[in-house]
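Colleague: Got a structure for you, written out below as structure tokens; questions coming shortly.
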Amino acid sequence: MANERKTEQIVRFHFQKSSEVVQIEEQSSDISKIDKLLKSASKKGAGKGFPEFIITFNNNNDFLIVIECKADITKHESEDKDKFAEYAVDGALLYASFLSKEYDVLAIAASGETQQELKVSSFLHLKGERKAVKMFGDKLLPAQDYLNGYLKSPEKFRQDYNTLLDFTKALNDKFQEYKIPERERSLVLSCVLIALEDEAFKISYDKIEKPKQLAEDLVKTVSNKLENANIGNEKLSILKKQFEFIEYTSLSVVKGILKELIDDIDANINRFIKTHEYFDVLGQLYIEFLKYANSDKGLGIVLTPPHITELFADLAQVNQNSVIYDNCAGTGGFLISAMRKMIEQAEDDTTKLREIKSKQIIGTEDQAHIFALAVSNMFIHQDGKTNVIKGSCFDTGIIQQVKEQKPTVGFLNPPYQNDKKRDTNELLFVLNNLECLADGGTCVAIVPMQKALATSARSKDFFYKKELLSKHTLEAVFSMPDELFFNSDASAVTCVMVFTAHKPHIKGKKTFFGYFKDDGFIKRKIPKRHDGLGKWEKIKENWLLSYFNKEEIDGLSVIREVSATDEWCAEAYMETDYSALKQSDFEKVLLEYSSFLFANCISDIVESRAFNHNHYNLDVSTWKSFKLNAEKRGLFEITGSKTTSILELEEYGKGQFPYVTTQATNNGTADFYDYFTEIGNVLTVDSAVVGYCSYQPINFSASDHVEKLIPNFSMNKYTALFLVTIFRLEQYRYNYGRKCSQSRMKERSIKLPARDGLPDWQYMENYIKSLHYSKSI
């Protein structure tokens with residue numbers, strides 16, 4: 001007969017080995033808050049809950065472990081995890097759901113009567129979260145390992161980072177109240193964080209009564225710390241100048257506010273840094289503070305999201321022997337991510353660790369206040385600061401200084417051009433980085449998508465693309481998520497380029513193109529764009545494997561031979577996956593179109609009825625490819641429309657003819673006027689944004705960037721809406737960086753049902769007539 005006491009004894013004995021770090025309680029707790037939370041946590045639905053074990057940590061009051069045991073391993077976990085009294089996992093998760101109202105909880109389920117058959121499952125349920133996440137594998141671990149794993153988990157990082165952002169908002173409000181300029185707020189932070197590294201200052205600052213003396217002592221402590229770090233007189237002078245403003249702000253005048261600020265930064269930001277090492281905290285806070293100003297985008301500064309700086313390190317296969325160079329270092333995000341990876345590999349080799357931090361991390365930054373943040377960031381992360389160089393990466397002396405270090409990996413996110421005439425082209429920064437790398441080194445750069453698209457010899461981008469290929473090998477280009485820089489309030493659509501340095505791109509060489517548009521991140525008001533569903537690690541793994549294995553994967557990657565005259569992006573070469581096309585895609589277009597007709601009083605009703613009750617299979621495997629461009633014996637004459645302004649239309653007044661714009665709603669129609677310039681029964685495509693396609697049955701006028709597809713065949717509303725659905729399947733190719741221009745459409749083909757080698761228009765009409773909403777069009 002099964003004996004649950006045996007299971008409990010195994011678990012009890014295991015955790016008693018960690019008695020120096022934990023307190024073990026059974027069935028109930030002497031901690032009143034825990035006991036209160038369990039009062040309504042009965043596994044039978046009413047009354048108090050009695051877990052087998054409740055384990056709390058001596059040095060962490062936020063985290064606890066709750067354990068439920070079963071003797072029979074067949075009673076380990078139910079399919080729906082809702083049989084709380086019968087199954088170990090179900091019961092443990094129930095207790096965690098109650099305890100997580102006030103604690104971060106690890107729910108452990110253990111079943112089996114012997115050590116050999118013991119089955120273990122662990123789930124982390126963070127305070128305030130709706131669901132628990134499985135982690136830690138299938139064996140019991142030492143209590144300290146559970147604590148460390150919890151503190152370093154992606155889930156805990158997200159929670160702590162969200163808390164940090166909440167604190168940053170409150171801190172920013174204080175800075176606003178104290179009249180500290182936005183650009184200087186991160187400098188105050190970095191000054192305080194460096195000073196807190198000094199044990200004497202940390203012990204004594206709260207005893208200094210006069211605010212002026214505290215401000216002076218703060219700046220002096222930082223100056224001494226940096227001087228003792230042997231960063232050189234020139235750098236020291238720059239940094240002193242960047243920090244000394246603190247002595248002349250309200251922080252040095254009003255009693256108590258600087259001390260309170262230091263307390264808050266130590267409790268919130270310093271704690272975060274110590275827990276989550278090698279994360280560009282100052283860079284992220286710099287972004288947060290500058291959201292309240294326009295100065296960052298005015299300087300072309302768009303700081304790279306942390307998950308992308310980590311991706312760069314993985315793409316370049318950074319290891320403990322790599323020498324890293326970032327010629328647009330910013331706040332040091334790429335350098336910190338690389339340093340973390342190198343240090344992980346070096347493990348406990350103190351000599352190697354010292355070498356990594358002092359010799360293998362190199363950066364250049366021209367702007368003094370950003371340079372100060374980069375140096376501070378590296379200092380806070382225990383060195384690396386001696387090789388952050390103040391100055392222009394194009395300076396010949398700096399180029400030579402960097403070359404002498406023989407960097408093997410280059411990273412950069414260059415300043416983006418706001419003024420095409422005055423600002424430096426992004427590809428020049430890429431060429432500069434590659435110039436400094438050792439032969440065969442790897443350069444990974446993130447740049448605006450337009451830099452990859454130039455195909456005209458008149459373009460400077462084309463000239464630099466040509467120069468890049470004449471000196472270096474283009475290994476890969478990845479199209480990145482359109483809203484990657486959402487948290488910086490920047491709208492740049494970007495791509496990542498990977499080069500091998502000083503190896504000219506030979507004829508016949510094929511380049512990998514990744515369509516890496518979905519990183520799994522979601523948008524929220526707070527914390528804005530983040531990995532809220534925990535998808536990123538798996539997505540990153542898929543991206544990396546497809547690149548390293550040079551795999552062509554439908555919807556993700558393609559491999560092509562390219563030159564400077566070609567577009568460097570996956571969108572230009574990927575085959576559309578027509579197998580994803582469903583009946584519901586066509587019905588969605590019919591519903592939108594019939595709703596447009598009804599909303600604008602063109603029809604009297606919208607109903608789901610079909611025109612007829614026939615049934616047609618959607619077998620895309622038999623479809624054939626047809627060119628769009630009539631000049632190449634294709635389907636359409638592709639041409640522009642005449643641009644008509646609103647002011648001109650208002651002179652004619654409201655009427656029956658649509659005014660078609662680039663909007664992706666209401667069939668592209670902004671309003672109706674008593675004027676037209678274009679003949680109807682055509683398709684229109686927005687060439688300004690994402691290639692939204694719509695059918696215009698009657699004559700219309702148009703705004704700028706509305707292209708016309710005039711049929712080279714007899715088109716009716718049924719075949720037109722079939723084609724609209726197909727065109728919308730192609731929209732993934734287009735974005736703000738790569739617009740749906742006439743020239744791009746003229747190079748494209750689409751697949752359609754075919755008969756005797758020609759489009760089967762009759763089938764398309766019949767298919768649309770068989771669908772819901774076709775009666776209403």
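By convention in this document, the chains of the structure tokens carry letters A, B, ... by their order, each chain's residues are numbered from 1, and ligands are numbered from 1 in the order they are shown.
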Leaving out Tyr95 in chain A and any residue of its chain fewer than 6 positions from it, which residues lie within 8 Å of it when counting only C-alpha atoms, given as a list in words?
Modeller: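 Counting only C-alpha atoms, the residues come to Leu38, Ala41, Gly49, Pro51, Val66 and Ala107 of chain A.
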Colleague: Hey, can you spit out that residue selection with all heavy atoms as a PDB file, in the first residue's frame?
Modeller:
```pdb
ATOM      1  N   LEU A  38      -2.939  31.038   3.466  1.00  0.00           N
ATOM      2  CA  LEU A  38      -3.354  29.632   3.333  1.00  0.00           C
ATOM      3  C   LEU A  38      -4.730  29.360   3.930  1.00  0.00           C
ATOM      4  O   LEU A  38      -5.264  28.252   3.781  1.00  0.00           O
ATOM      5  CB  LEU A  38      -2.318  28.716   4.007  1.00  0.00           C
ATOM      6  CG  LEU A  38      -0.955  28.608   3.299  1.00  0.00           C
ATOM      7  CD1 LEU A  38       0.031  27.838   4.167  1.00  0.00           C
ATOM      8  CD2 LEU A  38      -1.100  27.932   1.938  1.00  0.00           C
ATOM      9  N   ALA A  41      -7.078  28.188   1.235  1.00  0.00           N
ATOM     10  CA  ALA A  41      -6.393  27.467   0.155  1.00  0.00           C
ATOM     11  C   ALA A  41      -6.594  25.964   0.209  1.00  0.00           C
ATOM     12  O   ALA A  41      -5.765  25.190  -0.260  1.00  0.00           O
ATOM     13  CB  ALA A  41      -4.886  27.790   0.204  1.00  0.00           C
ATOM     14  N   GLY A  49      -5.578  25.533   3.778  1.00  0.00           N
ATOM     15  CA  GLY A  49      -4.697  24.618   3.073  1.00  0.00           C
ATOM     16  C   GLY A  49      -3.540  24.187   3.942  1.00  0.00           C
ATOM     17  O   GLY A  49      -3.023  24.982   4.743  1.00  0.00           O
ATOM     18  N   PRO A  51      -0.069  22.524   3.162  1.00  0.00           N
ATOM     19  CA  PRO A  51       0.985  21.950   2.313  1.00  0.00           C
ATOM     20  C   PRO A  51       1.901  21.048   3.142  1.00  0.00           C
ATOM     21  O   PRO A  51       2.065  21.249   4.347  1.00  0.00           O
ATOM     22  CB  PRO A  51       1.758  23.172   1.814  1.00  0.00           C
ATOM     23  CG  PRO A  51       0.929  24.351   2.168  1.00  0.00           C
ATOM     24  CD  PRO A  51       0.075  23.973   3.314  1.00  0.00           C
ATOM     25  N   VAL A  66       6.891  25.985  -1.766  1.00  0.00           N
ATOM     26  CA  VAL A  66       5.805  25.188  -1.215  1.00  0.00           C
ATOM     27  C   VAL A  66       5.837  23.822  -1.904  1.00  0.00           C
ATOM     28  O   VAL A  66       6.022  23.738  -3.119  1.00  0.00           O
ATOM     29  CB  VAL A  66       4.432  25.883  -1.403  1.00  0.00           C
ATOM     30  CG1 VAL A  66       4.099  26.069  -2.875  1.00  0.00           C
ATOM     31  CG2 VAL A  66       3.347  25.115  -0.689  1.00  0.00           C
ATOM     32  N   ALA A 107       6.628  26.266  -6.637  1.00  0.00           N
ATOM     33  CA  ALA A 107       5.770  25.131  -6.290  1.00  0.00           C
ATOM     34  C   ALA A 107       6.469  23.852  -6.738  1.00  0.00           C
ATOM     35  O   ALA A 107       6.742  23.675  -7.921  1.00  0.00           O
ATOM     36  CB  ALA A 107       4.419  25.272  -6.972  1.00  0.00           C
TER      37      ALA A 107
END
```
Colleague: With a distance cut-off of 9 Å and only C-alpha atoms, select the neighbouring residues of Ala346 in chain A, excluding the residue or stretch itself and same-chain residues fewer than 4 positions from it, and output the selection as a VMD selection string.
Modeller: chain A and resid 319 to 320 341 to 342 350 352 to 353 356
Colleague: Show me, as a ChimeraX atom specification, the residues that have an atom within 12 Å of Gly534 in chain A when counting only C-alpha atoms, minus same-chain residues fewer than 5 positions from it.
Modeller: /A:132-134,153-159,519-522,539-540
Colleague: So that I have them on file, write out the residues from the current selection with N, CA, C and O atoms, as a PDB file, in the first residue's frame.
Modeller:
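Generated file (again_14.pdb):
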```pdb
ATOM      1  N   ALA A 132       1.924  30.124 -13.503  1.00  0.00           N
ATOM      2  CA  ALA A 132       3.243  29.626 -13.095  1.00  0.00           C
ATOM      3  C   ALA A 132       3.979  29.106 -14.324  1.00  0.00           C
ATOM      4  O   ALA A 132       3.364  28.696 -15.311  1.00  0.00           O
ATOM      5  N   VAL A 133       5.316  29.110 -14.246  1.00  0.00           N
ATOM      6  CA  VAL A 133       6.156  28.666 -15.357  1.00  0.00           C
ATOM      7  C   VAL A 133       7.003  27.491 -14.890  1.00  0.00           C
ATOM      8  O   VAL A 133       7.638  27.537 -13.830  1.00  0.00           O
ATOM      9  N   LYS A 134       7.038  26.432 -15.694  1.00  0.00           N
ATOM     10  CA  LYS A 134       7.811  25.249 -15.316  1.00  0.00           C
ATOM     11  C   LYS A 134       9.299  25.525 -15.466  1.00  0.00           C
ATOM     12  O   LYS A 134       9.744  26.131 -16.435  1.00  0.00           O
ATOM     13  N   SER A 153      16.494  33.884 -13.238  1.00  0.00           N
ATOM     14  CA  SER A 153      15.549  33.407 -14.254  1.00  0.00           C
ATOM     15  C   SER A 153      15.047  34.560 -15.117  1.00  0.00           C
ATOM     16  O   SER A 153      14.950  35.704 -14.657  1.00  0.00           O
ATOM     17  N   PRO A 154      14.727  34.280 -16.397  1.00  0.00           N
ATOM     18  CA  PRO A 154      14.141  35.318 -17.265  1.00  0.00           C
ATOM     19  C   PRO A 154      12.865  35.899 -16.670  1.00  0.00           C
ATOM     20  O   PRO A 154      12.591  37.092 -16.821  1.00  0.00           O
ATOM     21  N   GLU A 155      12.089  35.049 -15.997  1.00  0.00           N
ATOM     22  CA  GLU A 155      10.836  35.522 -15.399  1.00  0.00           C
ATOM     23  C   GLU A 155      11.096  36.542 -14.297  1.00  0.00           C
ATOM     24  O   GLU A 155      10.442  37.588 -14.230  1.00  0.00           O
ATOM     25  N   LYS A 156      12.089  36.248 -13.447  1.00  0.00           N
ATOM     26  CA  LYS A 156      12.431  37.176 -12.375  1.00  0.00           C
ATOM     27  C   LYS A 156      13.036  38.454 -12.947  1.00  0.00           C
ATOM     28  O   LYS A 156      12.774  39.559 -12.449  1.00  0.00           O
ATOM     29  N   PHE A 157      13.838  38.295 -14.009  1.00  0.00           N
ATOM     30  CA  PHE A 157      14.414  39.480 -14.645  1.00  0.00           C
ATOM     31  C   PHE A 157      13.304  40.399 -15.150  1.00  0.00           C
ATOM     32  O   PHE A 157      13.352  41.611 -14.951  1.00  0.00           O
ATOM     33  N   ARG A 158      12.313  39.826 -15.827  1.00  0.00           N
ATOM     34  CA  ARG A 158      11.219  40.650 -16.352  1.00  0.00           C
ATOM     35  C   ARG A 158      10.491  41.368 -15.217  1.00  0.00           C
ATOM     36  O   ARG A 158      10.169  42.556 -15.316  1.00  0.00           O
ATOM     37  N   GLN A 159      10.251  40.636 -14.133  1.00  0.00           N
ATOM     38  CA  GLN A 159       9.571  41.242 -12.983  1.00  0.00           C
ATOM     39  C   GLN A 159      10.405  42.387 -12.405  1.00  0.00           C
ATOM     40  O   GLN A 159       9.895  43.489 -12.160  1.00  0.00           O
ATOM     41  N   ASP A 519      10.033  38.678 -33.024  1.00  0.00           N
ATOM     42  CA  ASP A 519      10.881  38.272 -31.901  1.00  0.00           C
ATOM     43  C   ASP A 519      10.052  37.871 -30.679  1.00  0.00           C
ATOM     44  O   ASP A 519      10.600  37.641 -29.603  1.00  0.00           O
ATOM     45  N   GLY A 520       8.737  37.786 -30.860  1.00  0.00           N
ATOM     46  CA  GLY A 520       7.874  37.346 -29.764  1.00  0.00           C
ATOM     47  C   GLY A 520       7.528  38.427 -28.765  1.00  0.00           C
ATOM     48  O   GLY A 520       6.771  38.191 -27.820  1.00  0.00           O
ATOM     49  N   PHE A 521       8.085  39.637 -28.947  1.00  0.00           N
ATOM     50  CA  PHE A 521       7.826  40.708 -27.986  1.00  0.00           C
ATOM     51  C   PHE A 521       6.414  41.272 -28.188  1.00  0.00           C
ATOM     52  O   PHE A 521       5.882  41.267 -29.295  1.00  0.00           O
ATOM     53  N   ILE A 522       5.828  41.737 -27.101  1.00  0.00           N
ATOM     54  CA  ILE A 522       4.505  42.343 -27.146  1.00  0.00           C
ATOM     55  C   ILE A 522       4.587  43.762 -26.608  1.00  0.00           C
ATOM     56  O   ILE A 522       5.523  44.123 -25.903  1.00  0.00           O
ATOM     57  N   ILE A 539      12.689  31.587 -29.940  1.00  0.00           N
ATOM     58  CA  ILE A 539      12.768  32.250 -31.243  1.00  0.00           C
ATOM     59  C   ILE A 539      14.228  32.520 -31.610  1.00  0.00           C
ATOM     60  O   ILE A 539      14.659  32.275 -32.733  1.00  0.00           O
ATOM     61  N   LYS A 540      14.991  33.021 -30.631  1.00  0.00           N
ATOM     62  CA  LYS A 540      16.412  33.293 -30.887  1.00  0.00           C
ATOM     63  C   LYS A 540      17.147  32.022 -31.294  1.00  0.00           C
ATOM     64  O   LYS A 540      17.969  32.029 -32.219  1.00  0.00           O
TER      65      LYS A 540
END
```
Colleague: Just to confirm, what's the straight-line distance from CA of Ala316 in chain A to CA of Glu541 in chain A in Å (one decimal)?
Modeller: 14.1 Å
Colleague: Suppose you want the space between CA of Leu124 in chain A and CA of Gln9 in chain A; what is it in Å?
Modeller: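 It comes out at 23.3 Å.
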Colleague: Considering only C-alpha atoms, return as a list of chain:residue names whatever protein or nucleic-acid residues lie within 8 Å of range 624-631 of chain A, sequence-local ones (same chain, fewer than 4 positions apart) excluded.
Modeller: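 Contacts, in chain order: A:Leu635, A:Phe636, A:Glu637, A:Ile638, A:Asn712, A:Met745, A:Lys746, A:Glu747, A:Arg748, A:Ser749, A:Ile750, A:Lys751, A:Leu752, A:Pro753, A:Ala754, A:Gly757, A:Pro759.
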Colleague: What's the 9 Å shell around Lys507 in chain A, counting only C-alpha atoms, without same-chain residues fewer than 6 positions away, as a short mmCIF file (atom, residue, chain, number, x, y, z; two decimals) with N, CA and C atoms, in the first residue's frame?
Modeller:
```
data_model
loop_
_atom_site.label_atom_id
_atom_site.label_comp_id
_atom_site.auth_asym_id
_atom_site.auth_seq_id
_atom_site.Cartn_x
_atom_site.Cartn_y
_atom_site.Cartn_z
N GLU A 561 22.64 34.47 -54.15
CA GLU A 561 23.84 35.18 -54.59
C GLU A 561 23.41 36.60 -54.93
N VAL A 562 24.08 37.59 -54.35
CA VAL A 562 23.72 38.99 -54.60
C VAL A 562 24.96 39.82 -54.89
N SER A 563 24.71 40.97 -55.51
CA SER A 563 25.76 41.97 -55.74
C SER A 563 25.26 43.30 -55.21
#
```
